[in-house]
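Below: one structure, written as structure tokens.
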Amino acid sequence: MQTSGLLMTMDLDLATMVSRRDIRDTPHYQAVAEYYSALFAPATGLVHAVREIHPLKDGTVCAIGATFAGSLEDGPSYNAYRIDPATQAIVELRSGGRHLAVAADGRRCAIYRDDGVEIVDLRDGSSLAWQSVPGVVEQMRWSPNGKLGLLVAGAGSDVSGAEGGFALRVEHDGPSWLPEVDMGGSEDVWRRLWMWESDDADIRPVTTPPLNVWEFDWTDETGFAVIASDHHGEGSWYGASLRLIDAATGKDRSGHCATDQLAIPRTSPDGGQVAFIEAVCSDRGIVCGTLRLWEGGAVRTLATGDVEVSDMHWIGADRIAFAGLRGLETVVGMYDLAADRAETIWSSIDRTCGDHNPAIAVSGEEIYASIESYAEAPKLVRLGKTEVAPLWSFAAAGASPVTGLIETVRWTAEDGLEIEGLLLRPDDAARNLPLLVDIHGGPVWGYRNRWAARLRAAGPMVARGFAVLLPNPRGSAGRGQDFARRVLGDMGGADTNDLISAFDHLSALGIIDRDKVVLSGGSYGGFMSTWLITQHTRIAASVPISPVTNWYSQHFTSQFPAFDEVFLDGSPVSPVGQYFDRSPVFLAAHVRTPTLTLTGGRDKSTPPGQALEFHNALLQAGATSVLCTYPDDGHSLRGYPAYLDSAARVMMWAEKHVMY
């Protein structure tokens, strides 16, 4: 294994470095900053990724894109752009954009920024109208005749774990000593539908509590199809149903109640049918499962073969374009309702599209996506059966910082089930490497072949001689609902052995040193990074991020107590069962694995007390433990420069315990 000169000449003790509050002058932080500077090209004004894509019939594309306008430590800003594929010109419409919606006529768009919603003329960028909103806009959609629907989260709401798991409102009125008072809810914690009927009118509310709307689409000019619940709490999403709402009265009627979770309602052009996704899910906003169709009170399944659907859009009256997963493969397809069958438009195991899960955009007959791979920066393309037509590349000028290679790996679990994942390593001849295992969140989510692996420390660690395993254990998305359900009532059970068997498999191939395995991961990955070290003694080090360590206290302090009731077998009011047996804090007395725990002070998904409990339990047991709490960050530490700081600390901890 090649060891960099930086490691060979390092003078500082890594344990001391990790325990320092400010590590920005360390070689590790500098290495991370250099890597991400090259990856994102900060201060150049270049767009490095897109979050929303809105193609127009004339081929122009509007998008919300991310760029670094200042330093890397300031973090990305999201701006609204108009992209002309004919000239490859990219024009900024507005800075600070968070959501974008293009009207059916293609001549104007709505852009949501922190200060309100603005209607903008796409032809010259002029402002046509502006409205303040009573909260945070999470979704905007135009009706065919030009009305704008707005889904607004009240200022007291929580955002989902996938978005950071924190409370929107953080400021306090009055002196700092005044207490916060919680009576179980207030008027500003609800998510409500609002409607803007014309540029010269004010927006008006459509729905009122106790109806809470999570997602919506227009059925026609007079109503909406929504995913909604009768409580504002994040946990109530797990039992939300499909409903129809009258725009004039706000009255709702049931469309479909399900055992599992529902997402992405999409209404047919005539308003008579609603397509949606139904699946067992662990996080709002990260849904991948079965494509279903509601019509006149009846629901039927649209068979997409072995593809689990994560996004879809109507193309005409009888076709639905969809994107989804088939294992590690990303698939874009078309479902023909008249023929009752699906066909593949584009698929790849080496490239993918979308953010949390595969996603597409459509205009007329055309399908658009932002595609990427480990060594290929995101680019906006038009997808076809035989070609991928590039429209705009978001790659920065100069050489890519991505090093090493990515490959698919498969192994057999203890019970004979095949498990798969992705392996990064410096080159295909590298042997006996130290291994970082990054366990994804969820658990119903999954790794794909993404630009630079989309992980905080993966790229720099591959460059420094590590292999990095991205496993998709049972419960992961993309392999069918039966595979996803294997984690229900057994989280921390068979999925534990899925990971241990991976280490043994890679060790048997000679790729890794089995005694130099480091664990990390956020959310579910954080839980597994604490749980595994209570079950096995051969883990060299662990870096859990936003973990759950005590399911009892998690249930009564988290924003979604329904989560553990779905994924654990037992009861939070019972002293026996998985709430006790699967809580790492109760088994910490025998742990000897050096553990660095990272948590966000504003995290309401897995509150920082979870990390503190485990840290103190390890210290009392005599184990090596360091706890880092980022006071202004939420779930999974996505803020800047905390993201860079956390990546450097992962590298430090791993290298200390497997390199020396």
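Residues in the structure tokens are named by chain (A, B, ... in the order shown) and by number from 1 within that chain; ligands are numbered from 1 in the order shown.
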Please list as a short mmCIF file (atom, residue, chain, number, x, y, z; two decimals) with N, CA and C atoms, in the first residue's frame every residue within 9 Å of A:Pro471, counting only C-alpha atoms and excluding residues in the same chain fewer than 6 positions away.
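part21.cif was written with the following content:
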data_model
loop_
_atom_site.label_atom_id
_atom_site.label_comp_id
_atom_site.auth_asym_id
_atom_site.auth_seq_id
_atom_site.Cartn_x
_atom_site.Cartn_y
_atom_site.Cartn_z
N VAL A 409 -19.70 -4.87 -5.97
CA VAL A 409 -19.32 -6.08 -5.24
C VAL A 409 -20.57 -6.77 -4.72
N ILE A 419 -26.14 -9.97 -1.03
CA ILE A 419 -26.08 -8.55 -0.70
C ILE A 419 -25.11 -7.89 -1.68
N GLU A 420 -25.37 -6.63 -2.00
CA GLU A 420 -24.51 -5.94 -2.94
C GLU A 420 -24.14 -4.56 -2.43
N GLY A 421 -23.13 -4.00 -3.05
CA GLY A 421 -22.68 -2.66 -2.69
C GLY A 421 -21.68 -2.16 -3.70
N LEU A 422 -21.08 -1.05 -3.39
CA LEU A 422 -20.06 -0.43 -4.23
C LEU A 422 -18.76 -0.34 -3.44
N LEU A 423 -17.66 -0.59 -4.12
CA LEU A 423 -16.34 -0.54 -3.49
C LEU A 423 -15.47 0.47 -4.21
N VAL A 437 -15.96 1.68 6.07
CA VAL A 437 -17.30 1.24 5.70
C VAL A 437 -18.26 2.37 6.02
N ASP A 438 -18.85 2.97 4.99
CA ASP A 438 -19.82 4.04 5.20
C ASP A 438 -21.22 3.47 5.02
N ILE A 439 -21.98 3.40 6.11
CA ILE A 439 -23.31 2.77 6.11
C ILE A 439 -24.36 3.84 5.88
N HIS A 440 -25.20 3.65 4.86
CA HIS A 440 -26.15 4.69 4.50
C HIS A 440 -27.26 4.86 5.54
N GLY A 446 -30.37 3.67 -0.37
CA GLY A 446 -29.34 2.85 -0.98
C GLY A 446 -28.31 3.67 -1.71
N TYR A 447 -27.12 3.10 -1.83
CA TYR A 447 -26.04 3.74 -2.57
C TYR A 447 -26.19 3.49 -4.06
N ASP A 498 -25.12 -8.93 7.49
CA ASP A 498 -24.88 -8.54 6.09
C ASP A 498 -23.57 -7.76 5.98
N LEU A 499 -23.29 -6.93 6.97
CA LEU A 499 -22.09 -6.11 6.94
C LEU A 499 -20.85 -6.91 7.35
N ALA A 502 -19.57 -8.96 4.64
CA ALA A 502 -18.87 -8.18 3.61
C ALA A 502 -17.40 -8.04 3.95
#
* A:Phe586 surroundings by only C-alpha atoms, 10 Å radius, close-in-sequence under 6 positions cut, as a PyMOL selection string -> chain A and resi 534+549-550+580+613-614+617
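The shell of residues at most 10 Å from stretch 565-574 of chain A, with only C-alpha atoms counted and near chain neighbours (fewer than 5 positions) removed, consists of Tyr238, Asp260, Val280, Cys281, Ser282, Pro443, Arg485, Arg486, Val487, Leu488, Gly489, Asp490, Met491, Gly492, Trp551, Tyr552, Ser553, Gln554, His555, Phe556, Phe560, Tyr579, Phe580, Asp581 and Arg582 of chain A.
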* Selected residue, from A:Val362, A:Ser77, A:Phe394, A:Lys604, that lies nearest to A:Ser157 when counting only C-alpha atoms -> A:Lys604
* From a DSSP pass on the backbone, collect the residues of stretch 412-483 of chain A flagged as strand (DSSP E or B) and hand them back as a PyMOL selection string. => chain A and resi 412+418-425+433-439+467-472
May I have a table of the residues of stretch 506-559 of chain A lying at most 10 Å from stretch 651-656 of chain A, giving each one's closest pair of atoms and their distance in Å to one decimal, counting only C-alpha atoms, ordered by chain and ascending residue number, as a Markdown table?
| residue | atom | partner | partner_atom | distance |
| --- | --- | --- | --- | --- |
| A:Lys516 | CA | A:Ala654 | CA | 9.0 |
| A:Val517 | CA | A:Ala654 | CA | 8.7 |
| A:Val518 | CA | A:Ala654 | CA | 6.2 |
| A:Leu519 | CA | A:Ala654 | CA | 8.7 |
| A:Ser520 | CA | A:Ala654 | CA | 9.6 |
| A:Ala540 | CA | A:Ala654 | CA | 8.4 |
| A:Ala541 | CA | A:Ala654 | CA | 6.6 |
| A:Ser542 | CA | A:Ala654 | CA | 7.9 |
| A:Val543 | CA | A:Trp653 | CA | 7.7 |
Selection file, N, CA and C atoms, as a CSV table (one decimal), in the first residue's frame:
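Saved file again18.csv follows:
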chain,number,residue,atom,x,y,z
A,516,LYS,N,-8.3,-4.0,10.0
A,516,LYS,CA,-8.2,-2.5,9.8
A,516,LYS,C,-9.5,-2.0,9.2
A,517,VAL,N,-10.6,-2.3,9.9
A,517,VAL,CA,-11.9,-1.9,9.4
A,517,VAL,C,-12.4,-0.8,10.3
A,518,VAL,N,-12.8,0.4,9.7
A,518,VAL,CA,-13.3,1.5,10.4
A,518,VAL,C,-14.8,1.7,9.9
A,519,LEU,N,-15.7,1.9,10.8
A,519,LEU,CA,-17.1,2.1,10.5
A,519,LEU,C,-17.4,3.6,10.6
A,520,SER,N,-18.4,4.0,9.7
A,520,SER,CA,-19.0,5.3,9.8
A,520,SER,C,-20.3,5.3,9.2
A,540,ALA,N,-11.8,-1.8,14.2
A,540,ALA,CA,-10.6,-1.1,14.7
A,540,ALA,C,-11.0,0.3,15.2
A,541,ALA,N,-12.0,0.9,14.6
A,541,ALA,CA,-12.5,2.2,15.1
A,541,ALA,C,-13.9,2.5,14.5
A,542,SER,N,-14.6,3.5,15.1
A,542,SER,CA,-15.9,3.8,14.6
A,542,SER,C,-16.1,5.3,14.7
A,543,VAL,N,-16.9,5.8,13.7
A,543,VAL,CA,-17.2,7.3,13.7
A,543,VAL,C,-18.7,7.4,13.4
Dump as a tab-separated table the rows for residues of stretch 199-296 of chain A within 12 Å of stretch 109-123 of chain A: closest atom pair and distance in Å with one decimal, only C-alpha atoms counted, ordered by chain and rising residue number.
residue	atom	partner	partner_atom	distance
A:Asp199	CA	A:Ile119	CA	7.8
A:Asp200	CA	A:Ile119	CA	11.0
A:Asp202	CA	A:Val117	CA	11.5
A:Ile203	CA	A:Val117	CA	10.4
I need the chosen residues saved as a PDB file, in the first residue's frame, with N, CA and C atoms.
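File again.pdb, as written:
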ATOM      1  N   ASP A 199     -51.814  37.550 -10.514  1.00  0.00           N
ATOM      2  CA  ASP A 199     -50.688  38.362 -10.074  1.00  0.00           C
ATOM      3  C   ASP A 199     -51.117  39.544  -9.218  1.00  0.00           C
ATOM      4  N   ASP A 200     -52.297  40.066  -9.453  1.00  0.00           N
ATOM      5  CA  ASP A 200     -52.733  41.254  -8.720  1.00  0.00           C
ATOM      6  C   ASP A 200     -53.614  40.930  -7.512  1.00  0.00           C
ATOM      7  N   ASP A 202     -53.986  38.667  -3.659  1.00  0.00           N
ATOM      8  CA  ASP A 202     -53.211  38.095  -2.566  1.00  0.00           C
ATOM      9  C   ASP A 202     -53.409  36.588  -2.535  1.00  0.00           C
ATOM     10  N   ILE A 203     -52.415  35.885  -1.973  1.00  0.00           N
ATOM     11  CA  ILE A 203     -52.596  34.443  -1.802  1.00  0.00           C
ATOM     12  C   ILE A 203     -53.644  34.202  -0.716  1.00  0.00           C
TER      13      ILE A 203
END
Using only C-alpha atoms, which residues of stretch 250-311 of chain A come within 9 Å of stretch 340-351 of chain A, and what is the closest atom pair for each, with the distance in Å to one decimal? Give it as a Markdown table, sorted by chain and residue number.
| residue | atom | partner | partner_atom | distance |
| --- | --- | --- | --- | --- |
| A:Leu302 | CA | A:Asp340 | CA | 7.5 |
| A:Ala303 | CA | A:Arg341 | CA | 6.8 |
| A:Thr304 | CA | A:Ala342 | CA | 5.6 |
| A:Gly305 | CA | A:Ala342 | CA | 7.6 |
* Asked: Which residues come within 8 Å of A:Glu221, counting only C-alpha atoms, excluding same-chain residues fewer than 5 positions away, as a PyMOL selection string?
  -> chain A and resi 143-145+147
* Asked: Looking at A:Trp196, A:Arg425, A:Arg382, A:Tyr78, which one is nearest to A:Ser132, with distances taken over only C-alpha atoms?
  -> A:Trp196
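Among the candidate residues A:Leu436, A:Ala375, A:Leu455, A:Ala508, the one lying nearest to A:Glu407 is A:Ala375, with distances computed using only C-alpha atoms.
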